[in-house]
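Worksheet: the structure to be examined is printed underneath.
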Amino acid sequence: MTTRVADDRFGVALAARDAACSVAGVAGLDPGRVGEIATYRSGRKVAGVRVLSTDPPHVLLRLIVSYRGSLAPRLSQVRAAVLDSLSPGARVDLQVTDVQTP
Amino acid sequence: MAAETSTKAAPTKASTTTDLTISLLTTDRGVTSIDESVIAKIASLAAQEVDGVAQLGGTISGALSKVVGRIRGDEHQTAGVGVEVGERQAAVDLSLMVLYPASIHQVAQSVRENVISRIEEMTGLEVVEVNVAVTDLRFPGGEKEPVEPTPSRVQ
């Protein structure tokens, strides 16, 4: 497994997003109704991820999940994948906000 | 409606959530929560999977939600669905229209079973009750279908 040590907020958000979206059954990330949940860098943003702290990393991800199957194992998988992509000692908060219509 | 249920997670969640959220799992590596709207949507999808269900919602709320949905551009309607979610349990209220000539009791029972199994299998919450209110009977002929827009007379 790859361990990327990204120190800045944007790097943390990017790593977390890529890790979460690589899990099957995650349809995407939810930026909120007006796009208020995002992490920014000049000219770019990662939607649906909020970095609460970088040392140790603490991120909040808002997930859109697909309709079929049990959520619990999928969410553990997401947490494991995101933890794996961040520095050790990270915290990952997951909030399921929507279901993708089949 | 149900409110915050997690005691440990409250400080971090309060600053990040905008609507009602239930927390299912608190680990030392972070919190997992599922929004109440997610439960409502699962209930809505599960009910519509049952043959014999014409549409969710009452006659008025159905018409209203169609208009509102069109304006807001969201295809997922949770009209006709009310949920109450606690720490481990959920209760669902549904109003729906049955397609003639399906047996209303059987449709209601199938809806109840499907909603319970979908919510329980997806979220792990125990569904304590599903109340089904049948608001109307719809006919396959489509007497209440929306009127087709009249084709333009000029090309």
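FYI, nothing fancy with the structure tokens labels: chains A, B, ... in order, residues from 1 per chain, ligands from 1 as they appear.
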For chain A against chain B, which residues fall within 12 Å using only C-alpha atoms, given as a PyMOL selection string? chain A and resi 25+31-34+36-38+48-53+56-76+78-80+82-84+88-102
Out of range 84-151 of chain B, which residues get strand (DSSP E or B) from DSSP, as a VMD selection string? chain B and resid 84 to 85 89 to 99 126 to 138
For those residues, write N, CA and C atoms to a file as an mmCIF file, in the first residue's frame.
data_model
loop_
_atom_site.group_PDB
_atom_site.id
_atom_site.type_symbol
_atom_site.label_atom_id
_atom_site.label_comp_id
_atom_site.auth_asym_id
_atom_site.auth_seq_id
_atom_site.Cartn_x
_atom_site.Cartn_y
_atom_site.Cartn_z
ATOM 1 N N GLU B 84 -38.208 8.572 11.426
ATOM 2 C CA GLU B 84 -37.737 8.975 12.741
ATOM 3 C C GLU B 84 -36.601 8.025 13.068
ATOM 4 N N VAL B 85 -35.451 8.575 13.353
ATOM 5 C CA VAL B 85 -34.290 7.720 13.541
ATOM 6 C C VAL B 85 -33.697 7.941 14.915
ATOM 7 N N GLN B 89 -32.582 2.372 16.223
ATOM 8 C CA GLN B 89 -33.840 2.002 15.596
ATOM 9 C C GLN B 89 -34.365 3.110 14.702
ATOM 10 N N ALA B 90 -35.227 2.693 13.800
ATOM 11 C CA ALA B 90 -35.858 3.674 12.923
ATOM 12 C C ALA B 90 -37.326 3.323 12.755
ATOM 13 N N ALA B 91 -38.141 4.339 12.537
ATOM 14 C CA ALA B 91 -39.554 4.136 12.238
ATOM 15 C C ALA B 91 -39.854 4.910 10.963
ATOM 16 N N VAL B 92 -40.680 4.334 10.124
ATOM 17 C CA VAL B 92 -40.942 4.935 8.819
ATOM 18 C C VAL B 92 -42.444 5.107 8.620
ATOM 19 N N ASP B 93 -42.841 6.262 8.122
ATOM 20 C CA ASP B 93 -44.225 6.486 7.702
ATOM 21 C C ASP B 93 -44.223 6.740 6.210
ATOM 22 N N LEU B 94 -45.076 6.011 5.515
ATOM 23 C CA LEU B 94 -45.127 6.157 4.059
ATOM 24 C C LEU B 94 -46.558 6.439 3.628
ATOM 25 N N SER B 95 -46.709 7.320 2.670
ATOM 26 C CA SER B 95 -48.005 7.408 2.021
ATOM 27 C C SER B 95 -47.780 7.143 0.541
ATOM 28 N N LEU B 96 -48.652 6.361 -0.027
ATOM 29 C CA LEU B 96 -48.436 5.947 -1.412
ATOM 30 C C LEU B 96 -49.752 5.665 -2.127
ATOM 31 N N MET B 97 -49.654 5.605 -3.432
ATOM 32 C CA MET B 97 -50.811 5.287 -4.263
ATOM 33 C C MET B 97 -50.623 3.895 -4.828
ATOM 34 N N VAL B 98 -51.705 3.135 -4.808
ATOM 35 C CA VAL B 98 -51.654 1.752 -5.271
ATOM 36 C C VAL B 98 -52.221 1.681 -6.684
ATOM 37 N N LEU B 99 -51.609 0.816 -7.458
ATOM 38 C CA LEU B 99 -52.019 0.643 -8.845
ATOM 39 C C LEU B 99 -53.155 -0.376 -8.901
ATOM 40 N N GLU B 126 -32.391 -1.136 13.270
ATOM 41 C CA GLU B 126 -33.565 -1.997 13.385
ATOM 42 C C GLU B 126 -34.805 -1.151 13.086
ATOM 43 N N VAL B 127 -35.612 -1.620 12.161
ATOM 44 C CA VAL B 127 -36.819 -0.865 11.819
ATOM 45 C C VAL B 127 -37.956 -1.372 12.688
ATOM 46 N N VAL B 128 -38.453 -0.519 13.552
ATOM 47 C CA VAL B 128 -39.473 -0.970 14.492
ATOM 48 C C VAL B 128 -40.874 -0.905 13.892
ATOM 49 N N GLU B 129 -41.124 0.071 13.045
ATOM 50 C CA GLU B 129 -42.425 0.062 12.388
ATOM 51 C C GLU B 129 -42.392 0.791 11.057
ATOM 52 N N VAL B 130 -43.244 0.300 10.155
ATOM 53 C CA VAL B 130 -43.440 0.973 8.872
ATOM 54 C C VAL B 130 -44.944 1.162 8.731
ATOM 55 N N ASN B 131 -45.383 2.386 8.829
ATOM 56 C CA ASN B 131 -46.806 2.662 8.666
ATOM 57 C C ASN B 131 -47.074 3.051 7.229
ATOM 58 N N VAL B 132 -48.004 2.350 6.616
ATOM 59 C CA VAL B 132 -48.316 2.618 5.218
ATOM 60 C C VAL B 132 -49.707 3.228 5.130
ATOM 61 N N ALA B 133 -49.789 4.392 4.530
ATOM 62 C CA ALA B 133 -51.085 5.022 4.290
ATOM 63 C C ALA B 133 -51.329 5.029 2.790
ATOM 64 N N VAL B 134 -52.403 4.388 2.381
ATOM 65 C CA VAL B 134 -52.731 4.373 0.951
ATOM 66 C C VAL B 134 -53.630 5.576 0.669
ATOM 67 N N THR B 135 -53.131 6.461 -0.171
ATOM 68 C CA THR B 135 -53.833 7.735 -0.369
ATOM 69 C C THR B 135 -54.714 7.739 -1.598
ATOM 70 N N ASP B 136 -54.450 6.825 -2.533
ATOM 71 C CA ASP B 136 -55.234 6.873 -3.762
ATOM 72 C C ASP B 136 -55.063 5.575 -4.523
ATOM 73 N N LEU B 137 -55.977 5.360 -5.453
ATOM 74 C CA LEU B 137 -55.899 4.213 -6.336
ATOM 75 C C LEU B 137 -55.659 4.755 -7.728
ATOM 76 N N ARG B 138 -54.653 4.242 -8.374
ATOM 77 C CA ARG B 138 -54.348 4.731 -9.722
ATOM 78 C C ARG B 138 -54.703 3.668 -10.737
#
Just the number, please: distance in Å from CA of Gly43 in chain A to CA of Ala20 in chain A, one decimal.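 Distance between the two atoms: 22.7 Å.
Between CA of Ile104 in chain B and CA of Gly141 in chain B the separation is 18.3 Å.
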Please measure the separation of CA of Arg41 in chain A and CA of Val23 in chain A, giving the value in Å to one decimal.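 Value for the CA of Arg41 in chain A-CA of Val23 in chain A distance: 25.2 Å.
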Would you return as an NGL selection string the members of chain A that DSSP assigns to alpha helix (DSSP H) on this structure's backbone? :A and (9-21 or 71-85)
